[in-house]
Structures are given as structure tokens and as C-alpha cells.
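Structure data follow from coords.txt (compact mmCIF, C-alpha atoms):
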```txt
# COMPACT_ATOMS: atom_id res chain seq x y z
CA MET I 1 -6.24 31.65 -10.78
CA ARG I 2 -3.15 30.26 -12.52
CA ILE I 3 -1.54 27.21 -10.96
CA SER I 4 1.78 29.07 -10.90
CA THR I 5 0.25 31.66 -8.57
CA ILE I 6 -1.16 28.99 -6.25
CA TYR I 7 2.25 27.36 -6.31
CA LYS I 8 3.85 30.63 -5.16
CA TYR I 9 1.46 30.63 -2.19
CA PHE I 10 2.27 26.97 -1.55
CA LYS I 11 6.00 27.71 -1.43
CA GLN I 12 5.38 30.39 1.17
CA SER I 13 3.24 28.07 3.29
CA ASN I 14 3.89 25.21 5.68
CA GLY I 15 2.11 22.76 3.39
CA VAL I 16 -1.28 21.51 2.27
CA ILE I 17 -4.09 20.26 4.53
CA THR I 18 -7.35 18.58 3.46
CA ASP I 19 -8.85 18.03 6.92
CA THR I 20 -9.65 21.00 9.19
CA ARG I 21 -8.86 18.85 12.23
CA ASN I 22 -5.21 18.93 11.12
CA ILE I 23 -4.98 22.64 10.32
CA THR I 24 -1.90 24.41 11.64
CA ASN I 25 -0.72 27.96 11.12
CA ASN I 26 0.44 29.00 7.66
CA THR I 27 -1.06 26.03 5.80
CA ILE I 28 -3.31 25.96 2.73
CA PHE I 29 -6.66 24.21 3.03
CA PHE I 30 -7.99 22.31 0.00
CA ALA I 31 -11.78 21.90 0.31
CA LEU I 32 -12.20 18.44 -1.16
CA LYS I 33 -15.61 16.87 -1.63
CA GLY I 34 -16.85 13.31 -1.29
CA GLU I 35 -20.08 11.36 -1.14
CA ASN I 36 -20.66 12.27 2.49
CA PHE I 37 -18.81 15.55 2.96
CA ASN I 38 -18.24 18.93 1.37
CA GLY I 39 -14.99 20.63 2.31
CA ASN I 40 -16.25 23.97 1.01
CA LYS I 41 -18.42 24.22 4.11
CA PHE I 42 -15.31 24.16 6.29
CA ALA I 43 -13.31 26.82 4.46
CA GLU I 44 -14.16 29.54 6.96
CA LYS I 45 -13.28 27.28 9.87
CA ALA I 46 -9.94 26.43 8.24
CA LEU I 47 -9.06 30.11 7.89
CA LYS I 48 -10.00 30.83 11.49
CA SER I 49 -7.85 27.87 12.56
CA GLY I 50 -4.71 29.29 10.95
CA ALA I 51 -4.83 28.45 7.24
CA ILE I 52 -3.53 31.30 5.09
CA TYR I 53 -5.69 30.32 2.11
CA ALA I 54 -8.64 28.02 1.41
CA ILE I 55 -9.00 26.56 -2.08
CA ILE I 56 -12.73 26.16 -2.86
CA ASP I 57 -14.89 25.38 -5.91
CA GLU I 58 -18.35 26.61 -4.88
CA PRO I 59 -18.95 30.38 -5.32
CA GLU I 60 -21.22 30.73 -2.30
CA PHE I 61 -18.24 30.08 -0.02
CA ASP I 62 -16.03 32.68 -1.71
CA THR I 63 -16.51 35.17 1.11
CA SER I 64 -12.95 36.24 1.92
CA ASP I 65 -9.80 37.53 0.25
CA LYS I 66 -8.24 34.36 1.63
CA THR I 67 -10.53 32.02 -0.33
CA ILE I 68 -9.39 31.05 -3.82
CA LEU I 69 -12.19 29.92 -6.13
CA VAL I 70 -11.26 27.28 -8.73
CA LYS I 71 -13.27 25.04 -11.06
CA ASP I 72 -12.37 21.81 -9.27
CA VAL I 73 -10.47 21.56 -5.99
CA LEU I 74 -9.31 17.97 -6.56
CA LYS I 75 -7.94 18.69 -10.04
CA THR I 76 -6.24 21.80 -8.70
CA LEU I 77 -4.58 19.71 -5.99
CA GLN I 78 -3.39 17.25 -8.63
CA LYS I 79 -2.12 20.02 -10.92
CA LEU I 80 -0.29 21.67 -8.02
CA ALA I 81 1.39 18.36 -7.15
CA ASN I 82 2.50 17.87 -10.74
CA TYR I 83 3.79 21.45 -10.92
CA HIS I 84 5.76 20.87 -7.72
CA ARG I 85 7.13 17.60 -9.03
CA ARG I 86 8.48 19.39 -12.13
CA GLU I 87 10.10 22.09 -10.02
CA LEU I 88 12.06 19.60 -7.92
CA ASN I 89 15.34 17.95 -8.83
CA THR I 90 14.12 14.69 -7.32
CA LYS I 91 14.34 11.18 -8.74
CA ILE I 92 11.02 9.42 -8.26
CA ILE I 93 10.35 5.70 -8.02
CA SER I 94 6.70 4.70 -8.44
CA LEU I 95 5.42 1.28 -7.52
CA THR I 96 2.11 -0.49 -7.77
CA GLY I 97 0.87 -4.08 -7.73
CA SER I 98 -1.83 -6.27 -6.25
CA ASN I 99 0.02 -7.26 -3.09
CA GLY I 100 3.06 -6.14 -1.14
CA LYS I 101 3.11 -2.50 -2.25
CA THR I 102 3.38 -0.94 1.18
CA THR I 103 5.93 -3.41 2.54
CA THR I 104 8.07 -3.07 -0.59
CA LYS I 105 7.82 0.72 -0.45
CA GLU I 106 8.99 0.73 3.15
CA LEU I 107 11.84 -1.68 2.45
CA ILE I 108 13.03 0.46 -0.46
CA HIS I 109 12.74 3.51 1.78
CA VAL I 110 14.90 2.13 4.61
CA VAL I 111 17.51 0.88 2.14
CA LEU I 112 17.83 4.10 0.14
CA SER I 113 17.75 6.20 3.31
CA LYS I 114 21.14 4.73 4.18
CA LYS I 115 22.65 6.94 1.47
CA PHE I 116 20.07 9.51 0.35
CA ASN I 117 17.57 11.98 1.73
CA THR I 118 14.52 9.89 0.90
CA THR I 119 10.80 10.57 1.31
CA ALA I 120 8.11 7.95 0.77
CA THR I 121 4.34 7.67 0.75
CA ALA I 122 3.05 7.87 4.32
CA GLY I 123 0.95 4.84 5.25
CA ASN I 124 -1.16 3.90 2.27
CA LEU I 125 -1.87 7.38 0.85
CA ASN I 126 -1.74 5.87 -2.61
CA ASN I 127 -4.87 7.08 -4.44
CA HIS I 128 -5.88 10.14 -6.47
CA ILE I 129 -5.71 12.26 -3.31
CA GLY I 130 -2.89 10.52 -1.46
CA VAL I 131 -0.43 10.60 -4.35
CA PRO I 132 -0.66 14.40 -4.79
CA LEU I 133 -0.27 14.85 -1.03
CA THR I 134 2.78 12.60 -1.12
CA LEU I 135 4.37 14.64 -3.90
CA LEU I 136 3.65 17.88 -2.05
CA SER I 137 5.49 16.49 0.98
CA PHE I 138 8.72 16.36 -1.04
CA THR I 139 11.13 19.28 -0.58
CA GLU I 140 14.27 20.56 -2.29
CA LYS I 141 16.21 18.31 0.08
CA THR I 142 14.42 15.17 -1.15
CA GLU I 143 16.92 13.34 -3.34
CA ILE I 144 14.74 10.29 -4.02
CA GLY I 145 10.98 10.08 -3.65
CA ILE I 146 9.10 6.78 -3.43
CA VAL I 147 5.46 6.94 -4.49
CA GLU I 148 3.09 4.05 -3.87
CA MET I 149 0.15 3.86 -6.29
CA GLY I 150 -3.07 1.94 -5.65
CA ALA I 151 -5.87 1.30 -8.09
CA ASN I 152 -9.21 -0.47 -8.21
CA HIS I 153 -10.19 0.29 -11.81
CA LEU I 154 -8.69 0.96 -15.23
CA HIS I 155 -7.04 4.31 -16.01
CA GLU I 156 -6.32 5.05 -12.34
CA ILE I 157 -2.61 4.23 -12.62
CA GLU I 158 -2.58 6.19 -15.89
CA LEU I 159 -3.82 9.26 -13.98
CA LEU I 160 -1.39 8.80 -11.09
CA THR I 161 1.63 8.42 -13.38
CA SER I 162 0.64 11.55 -15.29
CA ILE I 163 0.73 13.45 -11.99
CA THR I 164 3.89 11.81 -10.64
CA GLU I 165 5.96 11.50 -13.84
CA PRO I 166 8.23 8.82 -12.32
CA ASP I 167 11.80 8.19 -13.40
CA PHE I 168 11.60 4.54 -12.34
CA GLY I 169 8.78 2.05 -11.90
CA TYR I 170 8.15 -1.30 -10.29
CA ILE I 171 5.12 -3.59 -10.15
CA THR I 172 5.20 -6.03 -7.24
CA ASN I 173 2.87 -8.62 -8.80
CA PHE I 174 -0.49 -9.24 -10.44
CA GLY I 175 -3.16 -10.89 -8.32
CA LYS I 176 -6.90 -11.27 -7.82
CA ALA I 177 -7.45 -7.89 -6.21
CA HIS I 178 -10.26 -5.36 -6.85
CA LEU I 179 -11.91 -7.70 -9.34
CA GLU I 180 -15.15 -5.77 -8.96
CA GLY I 181 -13.51 -2.77 -10.62
CA PHE I 182 -11.05 -4.50 -12.94
CA GLY I 183 -13.42 -7.27 -13.98
CA SER I 184 -10.84 -10.05 -14.20
CA LEU I 185 -7.19 -10.90 -13.63
CA GLU I 186 -6.56 -9.76 -17.20
CA GLY I 187 -8.13 -6.44 -16.25
CA VAL I 188 -5.82 -6.21 -13.23
CA ILE I 189 -2.79 -6.76 -15.46
CA LYS I 190 -3.99 -4.16 -17.96
CA GLY I 191 -4.65 -1.63 -15.20
CA LYS I 192 -1.36 -2.11 -13.36
CA THR I 193 0.72 -2.05 -16.54
CA GLU I 194 -0.47 1.46 -17.26
CA LEU I 195 2.70 2.23 -15.29
CA PHE I 196 4.72 0.37 -17.92
CA ASP I 197 2.95 2.33 -20.64
CA TYR I 198 4.09 5.61 -19.12
CA LEU I 199 7.66 4.43 -18.59
CA LYS I 200 7.92 3.20 -22.17
CA ALA I 201 6.41 6.35 -23.69
CA ASN I 202 8.80 8.55 -21.71
CA ASN I 203 11.97 6.44 -21.95
CA ARG I 204 12.11 5.79 -18.21
CA LYS I 205 13.48 2.72 -16.45
CA VAL I 206 11.61 -0.20 -14.93
CA PHE I 207 12.73 -2.75 -12.34
CA ILE I 208 11.62 -6.27 -13.28
CA ASN I 209 11.54 -9.42 -11.19
CA SER I 210 13.13 -11.93 -13.56
CA LYS I 211 11.20 -14.72 -11.82
CA ASP I 212 7.86 -13.22 -12.91
CA PRO I 213 7.21 -14.50 -16.47
CA ILE I 214 4.26 -12.15 -17.01
CA GLN I 215 6.33 -9.08 -16.24
CA VAL I 216 9.27 -10.29 -18.31
CA LYS I 217 6.97 -10.86 -21.30
CA LEU I 218 5.30 -7.46 -20.96
CA THR I 219 8.52 -5.46 -20.72
CA THR I 220 10.62 -6.70 -23.63
CA ASN I 221 10.59 -3.22 -25.21
CA LEU I 222 11.29 -1.26 -22.03
CA ASP I 223 14.52 -0.04 -20.49
CA SER I 224 14.51 -2.82 -17.91
CA ILE I 225 16.66 -3.55 -14.88
CA TYR I 226 16.23 -7.24 -14.06
CA PHE I 227 16.76 -8.72 -10.60
CA GLY I 228 16.16 -11.95 -8.71
CA ASP I 229 19.34 -13.95 -9.22
CA LYS I 230 21.62 -12.50 -6.56
CA THR I 231 19.82 -13.64 -3.41
CA ASN I 232 19.04 -16.96 -1.81
CA LEU I 233 16.23 -17.81 0.60
CA LEU I 234 17.75 -19.69 3.54
CA LYS I 235 14.91 -19.94 6.05
CA THR I 236 11.19 -19.22 6.37
CA ASP I 237 10.12 -20.38 9.84
CA PRO I 238 8.88 -18.00 11.03
CA PHE I 239 11.08 -15.11 9.79
CA LEU I 240 12.82 -14.98 6.44
CA VAL I 241 16.58 -15.34 6.40
CA ILE I 242 18.22 -14.55 3.08
CA GLU I 243 21.72 -14.47 1.65
CA TYR I 244 23.00 -11.59 -0.44
CA ALA I 245 26.56 -10.70 -1.45
CA GLY I 246 27.91 -13.30 0.96
CA LEU I 247 25.96 -11.75 3.84
CA GLU I 248 23.27 -13.50 5.86
CA ILE I 249 20.35 -11.14 6.41
CA HIS I 250 17.94 -11.90 9.26
CA THR I 251 14.65 -10.14 8.55
CA HIS I 252 11.56 -9.52 10.67
CA LEU I 253 9.30 -10.52 7.79
CA ILE I 254 7.31 -13.72 7.54
CA GLY I 255 6.08 -15.52 4.44
CA LYS I 256 7.91 -16.66 1.34
CA TYR I 257 5.80 -14.10 -0.53
CA ASN I 258 7.99 -11.38 1.01
CA PHE I 259 11.10 -12.77 -0.69
CA SER I 260 10.34 -10.89 -3.91
CA ASN I 261 9.69 -7.70 -1.91
CA LEU I 262 13.11 -8.03 -0.31
CA ASN I 263 14.70 -8.73 -3.68
CA ALA I 264 13.19 -5.55 -5.12
CA ALA I 265 14.53 -3.41 -2.27
CA ILE I 266 17.97 -5.01 -2.59
CA ALA I 267 18.03 -4.52 -6.38
CA ILE I 268 16.99 -0.87 -6.14
CA GLY I 269 19.52 -0.24 -3.38
CA GLU I 270 22.22 -1.88 -5.49
CA TYR I 271 21.25 0.21 -8.53
CA PHE I 272 21.71 3.38 -6.48
CA ASN I 273 25.05 2.11 -5.13
CA VAL I 274 24.01 1.48 -1.54
CA SER I 275 26.63 -0.86 -0.08
CA ALA I 276 25.77 -4.49 0.66
CA THR I 277 26.55 -3.90 4.34
CA ASP I 278 24.15 -0.94 4.51
CA ILE I 279 21.46 -2.92 2.67
CA LYS I 280 21.79 -5.67 5.29
CA LEU I 281 21.62 -3.18 8.17
CA ALA I 282 18.59 -1.45 6.67
CA ILE I 283 16.61 -4.62 6.08
CA GLU I 284 17.41 -6.05 9.50
CA SER I 285 16.22 -2.80 11.11
CA TYR I 286 12.82 -2.93 9.41
CA ARG I 287 9.87 -4.23 11.41
CA PRO I 288 6.39 -4.37 9.87
CA THR I 289 3.67 -2.38 11.60
CA ASN I 290 0.01 -1.49 11.00
CA ASN I 291 -1.24 -5.09 11.08
CA ARG I 292 0.99 -6.28 8.22
CA SER I 293 2.28 -9.78 8.98
CA GLN I 294 3.10 -8.89 12.57
CA ILE I 295 3.93 -11.63 15.05
CA ILE I 296 2.40 -10.81 18.42
CA GLU I 297 2.68 -12.76 21.66
CA LYS I 298 -0.43 -12.71 23.88
CA GLY I 299 -0.08 -14.95 26.92
CA LYS I 300 0.46 -18.45 25.59
CA SER I 301 -0.82 -17.50 22.12
CA LYS I 302 1.39 -16.57 19.17
CA ILE I 303 -0.53 -14.49 16.64
CA ILE I 304 0.33 -13.74 13.03
CA LEU I 305 -1.70 -10.59 12.49
CA ASP I 306 -2.16 -9.82 8.80
CA ALA I 307 -5.28 -7.67 8.93
CA TYR I 308 -3.97 -4.83 6.76
CA ASN I 309 -5.78 -6.11 3.68
CA ALA I 310 -6.77 -9.26 1.82
CA ASN I 311 -7.63 -10.62 -1.59
CA PRO I 312 -7.67 -14.19 -2.96
CA THR I 313 -4.01 -14.11 -3.97
CA SER I 314 -2.72 -12.77 -0.66
CA MET I 315 -5.05 -15.08 1.29
CA GLU I 316 -3.69 -18.10 -0.53
CA ALA I 317 -0.10 -16.98 0.11
CA ALA I 318 -0.78 -16.40 3.81
CA LEU I 319 -2.43 -19.80 4.24
CA ASN I 320 0.35 -21.62 2.43
CA ASN I 321 2.90 -19.84 4.59
CA PHE I 322 0.96 -20.78 7.73
CA LYS I 323 1.15 -24.38 6.65
CA GLN I 324 4.95 -24.22 6.75
CA ILE I 325 5.16 -22.78 10.26
CA SER I 326 6.00 -25.23 13.03
CA ALA I 327 3.41 -25.25 15.81
CA THR I 328 1.72 -27.81 18.05
CA LYS I 329 -1.72 -26.26 17.60
CA LYS I 330 -2.88 -24.00 14.77
CA ILE I 331 -6.00 -21.87 14.51
CA ILE I 332 -7.07 -19.84 11.47
CA ILE I 333 -9.27 -16.74 11.68
CA LEU I 334 -10.24 -15.21 8.33
CA GLY I 335 -12.41 -12.22 7.47
CA ASP I 336 -14.23 -11.34 4.27
CA MET I 337 -12.44 -10.18 1.15
CA PHE I 338 -13.96 -7.09 -0.47
CA GLU I 339 -14.37 -5.74 -4.02
CA LEU I 340 -14.54 -9.14 -5.72
CA GLY I 341 -17.77 -8.48 -7.59
CA LYS I 342 -19.47 -11.44 -9.23
CA THR I 343 -16.56 -13.74 -8.34
CA SER I 344 -16.98 -13.20 -4.59
CA ASN I 345 -18.82 -16.44 -3.74
CA GLN I 346 -16.45 -18.52 -5.83
CA GLU I 347 -13.32 -16.94 -4.39
CA HIS I 348 -14.46 -17.17 -0.76
CA GLN I 349 -15.34 -20.84 -1.24
CA ALA I 350 -11.92 -21.51 -2.79
CA ILE I 351 -10.17 -19.92 0.19
CA LEU I 352 -12.33 -21.90 2.61
CA ASN I 353 -11.49 -25.12 0.77
CA LEU I 354 -7.78 -24.31 0.96
CA ALA I 355 -7.98 -23.49 4.66
CA GLU I 356 -9.75 -26.76 5.44
CA SER I 357 -7.23 -28.73 3.37
CA LEU I 358 -4.49 -27.54 5.71
CA CYS I 359 -6.19 -29.38 8.59
CA PRO I 360 -5.66 -26.81 11.36
CA ASN I 361 -7.15 -27.43 14.79
CA GLU I 362 -9.79 -24.73 14.29
CA ILE I 363 -11.03 -22.42 11.52
CA HIS I 364 -13.16 -19.34 12.14
CA LEU I 365 -14.60 -17.39 9.20
CA ILE I 366 -16.11 -13.95 9.77
CA GLY I 367 -18.35 -11.89 7.50
CA LYS I 368 -21.39 -12.04 5.27
CA HIS I 369 -19.43 -13.40 2.30
CA PHE I 370 -17.79 -16.26 4.18
CA SER I 371 -21.11 -17.04 5.89
CA LYS I 372 -22.51 -17.97 2.45
CA THR I 373 -19.88 -20.66 1.90
CA LYS I 374 -20.25 -24.38 2.50
CA ALA I 375 -18.03 -25.52 5.35
CA SER I 376 -17.38 -29.00 6.65
CA LYS I 377 -14.87 -28.27 9.40
CA SER I 378 -15.16 -24.54 9.96
CA ASN I 379 -17.02 -22.17 12.23
CA LEU I 380 -18.96 -19.60 10.21
CA HIS I 381 -19.79 -16.24 11.80
CA SER I 382 -21.85 -13.67 9.92
CA THR I 383 -20.49 -10.76 12.00
CA PHE I 384 -17.56 -9.98 14.25
CA GLU I 385 -19.93 -9.79 17.21
CA ALA I 386 -21.16 -13.31 16.51
CA PHE I 387 -17.57 -14.53 16.39
CA LYS I 388 -16.74 -12.69 19.61
CA LYS I 389 -19.50 -14.47 21.52
CA SER I 390 -18.33 -17.96 20.62
CA PHE I 391 -14.55 -17.57 20.45
CA HIS I 392 -12.40 -18.76 23.35
CA PRO I 393 -8.64 -18.22 22.93
CA THR I 394 -6.32 -21.05 23.80
CA SER I 395 -2.62 -21.81 23.73
CA ALA I 396 -1.97 -21.98 19.99
CA THR I 397 -0.48 -20.28 16.95
CA TYR I 398 -3.02 -18.13 15.13
CA LEU I 399 -3.27 -16.71 11.63
CA ILE I 400 -5.59 -13.68 11.49
CA LYS I 401 -6.22 -12.21 8.05
CA GLY I 402 -8.96 -10.19 6.38
CA SER I 403 -9.72 -7.11 4.34
CA ARG I 404 -9.12 -3.69 5.90
CA GLY I 405 -12.83 -3.09 6.30
CA MET I 406 -13.14 -6.13 8.55
CA ALA I 407 -10.76 -4.55 11.10
CA LEU I 408 -9.67 -7.94 12.40
CA GLU I 409 -7.09 -6.33 14.66
CA ARG I 410 -10.09 -6.12 17.00
CA THR I 411 -9.57 -9.82 17.70
CA LEU I 412 -6.47 -8.95 19.75
CA GLU I 413 -8.62 -7.64 22.58
CA LEU I 414 -10.08 -11.13 22.97
CA PHE I 415 -6.69 -12.53 23.96
CA ASP I 416 -6.20 -10.22 26.95
```
What does the file become when written as C-alpha cells?
Amino acid sequence: MRISTIYKYFKQSNGVITDTRNITNNTIFFALKGENFNGNKFAEKALKSGAIYAIIDEPEFDTSDKTILVKDVLKTLQKLANYHRRELNTKIISLTGSNGKTTTKELIHVVLSKKFNTTATAGNLNNHIGVPLTLLSFTEKTEIGIVEMGANHLHEIELLTSITEPDFGYITNFGKAHLEGFGSLEGVIKGKTELFDYLKANNRKVFINSKDPIQVKLTTNLDSIYFGDKTNLLKTDPFLVIEYAGLEIHTHLIGKYNFSNLNAAIAIGEYFNVSATDIKLAIESYRPTNNRSQIIEKGKSKIILDAYNANPTSMEAALNNFKQISATKKIIILGDMFELGKTSNQEHQAILNLAESLCPNEIHLIGKHFSKTKASKSNLHSTFEAFKKSFHPTSATYLIKGSRGMALERTLELFD
């Protein structure tokens, strides 16, 4: 079936669903497949639950006039998203980077929403499935769309940009993330700058942090919008206070590493003529959620919960920020970093060494990777359960950080 025909059905529907648990009336079910599931098997259930069509790619499940057989469900989803993107009169900003993508996306979203009907990636739906779903959530009323793009190997950003066709791009930074897939920091840079390649080839604009020499060097031949000279960092303990256009902006973000994220949102807001007053109001209204640099009070304990994700670069930034925070007693709890490949042992040891050099009152390290390190002043726990048995919360300021798979937000229950 032609993608234009599927698009006609999409326009008549209430949207696209990929999980039968979320099926509502008048939706279209896309039967995606993975290592441990086959959506084709749920096509009939989706139709009975209210879906008007089920897109499948295995003939044996083509048992209804409401099933649409295609060669590849995932590619059809991606083609539909691209078709929809071309039909809309929507300006799209795409952003990627090793760290800070989600926070930056949300800051840009709150700033631009002061003036425009703006839709952004929900949560971290930033991969080969999430990006198409994000695009398909845009409507004719969406004036500006913000699309977050994640990647853990080469050519992934290339694919996502070909689907999204952004008008503007921004890369937050280059760091030691997903080294298992990218191979090295150089591989990370090559993979992330696939966004630059698209923007250059299609004469689109790119926002560049003028304080990032790597980005400045890589974008000399692009239509670049530079930023970074119009704001001042006034305070960092614990929340950032910045100055812009003569206004003092009190944020709910911690860590000097968020200064560049704020600068990007301010620059993009300024480019789209959002007033300085509205930019201030937007930023001051934003509060991080979902375990991203949240400050939580539990009894006499103050907890910096940064369990959304972790890699060597973000770990180092979090630890250095923790060093600057004023507190009588400090305790560090770190969980494993994933997808580091052959550099895993080396990178975990480097983070342990940095943590110990800060001389906190206690250090707890959780996970099989950290348990292989050599510690002189730290408590090593091979599993979360092992940590749970020996940990006794006390009146202190805590830093809790680890990769998403470690689910270190579970530590909060120990403070009750």
C-alpha cells in the first residue's frame, strides 16, 4: 500500500499506537517487532480494542480488512512520519549531544511556548521509534516542533535527520557516552555531527555555543548562529542564578554544566523574538523531573538525585559540582555506567579516583563494574541489594547518580 494512502487513514484517525495497552478508539496500531516481542501477534487484539487499522508485516496475521500488510512496519512508521513532516508548515529544531539533551529540549520548549504553539519530544522518545512518534504527534497547529535525537552508534543521527528534516539544529556537547557503539570520543563526535552534515547539505541553520571550540571548528562552513556571550553566571550553590539582558534569572537547576543548556534556550528564544521578560519567566518556571538533578528533602537528608543517566563526562561534571556545594557532611552514591565497551574498567576507576579525591564523608559504589575497581576509601557493592543491606542514612547532603539501568531512584525508599 502506498504511504499516501496510509497517511490518509492517519489523518482520519486519533493517532498512532505501538503498544496495545495504550489502544484507544480510532487509532492505528503499528505492529513493531523487537528481540523479545512480535507486535504482529497483537494485531487482532488491537483491532478488538478499538484500533481502526493494524499495520503488520507478516502475512499469516493478515486476516482482516482492517489489517494492512507492508514489507516492514518500522520503516513504514518512519516513512509515515517523514510524509507527515513534509505536509506540515512547522519549523523543526533538532538537538542531540552526549549530555543535557532532555533538559535543553525542555528549556527550549518552555521558552518558545511563551510565544508559539510548541510541541516537543515527550520524555526521552529520541530513537528510531521515538522520533517518528514525536513527529506524528505534531498537528497543523504546531508552529515549532522540538525533536530530541539520541544515538549510540554511527549513522543513527543520519537516519533520524533524514526522517525529521530539521530547519535548525543544535548539539549540546560531545562526551564519553555510548563508547561501546561509537568506539571512541572521536567516534562520538563523528556520529553526533551527522546532524551538522544534514544541515550543511540542506542549507539549514545551526545554533553554536561559541565557548565550545570543537563545535566552532566543525561549523565554519555552516549557516551558524553563535551564542554564549550575552549571559553571566552569578551563583551555583545550589541553584544556578544567571544574568541576561539586565535581568537576574533564578533557576531550579543545579550544576555549572547546565549553564550552557540555559544559554542555548535563551539564544533560541531570542532568535525567535521571545522577549527577555518572557524568557526569564519561562526559565524560572521550569523544574527538572524524572530523576534529573532533582533536589529532594528526606528528613534531615538533602538529596541531589541525578539517576536519569550517566556516562564518564556527566559523572565528572556531577562530582565537580558536588564539590562546590556547601554542606557539613557529604555522601556520594554512584551506580555503574553502561555501554562503555573495552574502556569500562578504565573509566569506572577514573570516576572512583575523582570521587575519592573530593574527600566526602562516605562513598558508596553500586554495580558489577564499580565492584571491579580498586578503592581505598569507598564502599563497593556488587548489587543494589548488597548496598541496601549495609546502607544507613544519616543527616547529610547526598549525590546519587548512575545509568538509567541502575534505577538508583530506588535509594529514596531507604530514607523514609
Would you list the contacts of I:Ser371 as a PDB file with C-alpha atoms, in the coordinates of the input, taking every protein, DNA or RNA residue within 12 Å and counting all atoms listed in the file, but skipping same-chain residues closer than 5 positions in sequence?
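Writing the result to result.pdb gives the following:
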```pdb
ATOM      1  CA  LEU I 334     -10.240 -15.210   8.330  1.00  0.00           C
ATOM      2  CA  GLY I 335     -12.410 -12.220   7.470  1.00  0.00           C
ATOM      3  CA  ASP I 336     -14.230 -11.340   4.270  1.00  0.00           C
ATOM      4  CA  SER I 344     -16.980 -13.200  -4.590  1.00  0.00           C
ATOM      5  CA  ASN I 345     -18.820 -16.440  -3.740  1.00  0.00           C
ATOM      6  CA  HIS I 348     -14.460 -17.170  -0.760  1.00  0.00           C
ATOM      7  CA  GLN I 349     -15.340 -20.840  -1.240  1.00  0.00           C
ATOM      8  CA  LEU I 352     -12.330 -21.900   2.610  1.00  0.00           C
ATOM      9  CA  HIS I 364     -13.160 -19.340  12.140  1.00  0.00           C
ATOM     10  CA  LEU I 365     -14.600 -17.390   9.200  1.00  0.00           C
ATOM     11  CA  ILE I 366     -16.110 -13.950   9.770  1.00  0.00           C
ATOM     12  CA  SER I 378     -15.160 -24.540   9.960  1.00  0.00           C
ATOM     13  CA  ASN I 379     -17.020 -22.170  12.230  1.00  0.00           C
ATOM     14  CA  LEU I 380     -18.960 -19.600  10.210  1.00  0.00           C
ATOM     15  CA  HIS I 381     -19.790 -16.240  11.800  1.00  0.00           C
ATOM     16  CA  SER I 382     -21.850 -13.670   9.920  1.00  0.00           C
ATOM     17  CA  THR I 383     -20.490 -10.760  12.000  1.00  0.00           C
ATOM     18  CA  PHE I 384     -17.560  -9.980  14.250  1.00  0.00           C
ATOM     19  CA  ALA I 386     -21.160 -13.310  16.510  1.00  0.00           C
ATOM     20  CA  PHE I 387     -17.570 -14.530  16.390  1.00  0.00           C
TER      21      PHE I 387
END
```
Residues near stretch 61-75 of chain I, cut-off 9 Å, all atoms listed in the file, skip fewer than 2 positions along chain, as an mmCIF file with C-alpha atoms, in the coordinates of the input:
```cif
data_model
loop_
_atom_site.group_PDB
_atom_site.id
_atom_site.type_symbol
_atom_site.label_atom_id
_atom_site.label_comp_id
_atom_site.auth_asym_id
_atom_site.auth_seq_id
_atom_site.Cartn_x
_atom_site.Cartn_y
_atom_site.Cartn_z
ATOM 1 C CA MET I 1 -6.240 31.650 -10.780
ATOM 2 C CA ILE I 6 -1.160 28.990 -6.250
ATOM 3 C CA PHE I 30 -7.990 22.310 0.000
ATOM 4 C CA ALA I 31 -11.780 21.900 0.310
ATOM 5 C CA LEU I 32 -12.200 18.440 -1.160
ATOM 6 C CA LYS I 33 -15.610 16.870 -1.630
ATOM 7 C CA ASN I 40 -16.250 23.970 1.010
ATOM 8 C CA LYS I 41 -18.420 24.220 4.110
ATOM 9 C CA ALA I 43 -13.310 26.820 4.460
ATOM 10 C CA GLU I 44 -14.160 29.540 6.960
ATOM 11 C CA LEU I 47 -9.060 30.110 7.890
ATOM 12 C CA ALA I 51 -4.830 28.450 7.240
ATOM 13 C CA ILE I 52 -3.530 31.300 5.090
ATOM 14 C CA TYR I 53 -5.690 30.320 2.110
ATOM 15 C CA ALA I 54 -8.640 28.020 1.410
ATOM 16 C CA ILE I 55 -9.000 26.560 -2.080
ATOM 17 C CA ILE I 56 -12.730 26.160 -2.860
ATOM 18 C CA ASP I 57 -14.890 25.380 -5.910
ATOM 19 C CA GLU I 58 -18.350 26.610 -4.880
ATOM 20 C CA PRO I 59 -18.950 30.380 -5.320
ATOM 21 C CA LEU I 77 -4.580 19.710 -5.990
ATOM 22 C CA GLN I 78 -3.390 17.250 -8.630
ATOM 23 C CA LYS I 79 -2.120 20.020 -10.920
ATOM 24 C CA LEU I 80 -0.290 21.670 -8.020
ATOM 25 C CA HIS I 128 -5.880 10.140 -6.470
ATOM 26 C CA ILE I 129 -5.710 12.260 -3.310
#
```
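Proximity to I:Thr20 at 9 Å, evaluated using all atoms listed in the file and with sequence-adjacent residues fewer than 3 positions away removed, yields Ile17, Ile23, Thr24, Phe29, Gly39, Phe42, Ala43, Lys45, Ala46 and Ser49 of chain I.
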(request) Quote the spacing between atom CA of I:Gly169 and atom CA of I:Ile93 in Å to one decimal place. (result)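 Between atom CA of I:Gly169 and atom CA of I:Ile93 the gap is 5.6 Å.
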(message) Calculated over all atoms listed in the file, which of the candidates I:Ala282, I:Leu133, I:Met337, I:Ala151 has the smallest distance to I:Leu408?
(response)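 Closest residue, counting all atoms listed in the file: I:Met337.
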(message) Give me the residues near I:Phe116 as a ChimeraX atom specification, where near means some atom within 7 Å (using only C-alpha atoms) and where sequence neighbours in that chain fewer than 2 positions away do not count.
(response) /I:112-114,118,143-144
(request) Measure the distance from atom CA of I:Leu218 to atom CA of I:Lys91 in Å and round it to one decimal. (result)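 Rounded to one decimal, the two atoms are 24.1 Å apart.
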(request) Kindly indicate which residue among I:Gly145, I:Gly269, I:Gly299, I:Gly402 lies nearest to I:Ile333, using all atoms listed in the file for the distances. (result)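 Ranking I:Gly145, I:Gly269, I:Gly299, I:Gly402 by distance to I:Ile333, first place goes to I:Gly402.
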(request) Please provide as a ChimeraX atom specification all residues within 7 Å of I:Thr96, with the sequence filter that same-chain residues fewer than 4 positions apart are discarded (counting all atoms listed in the file). (result) /I:101,148-150,170-172,192
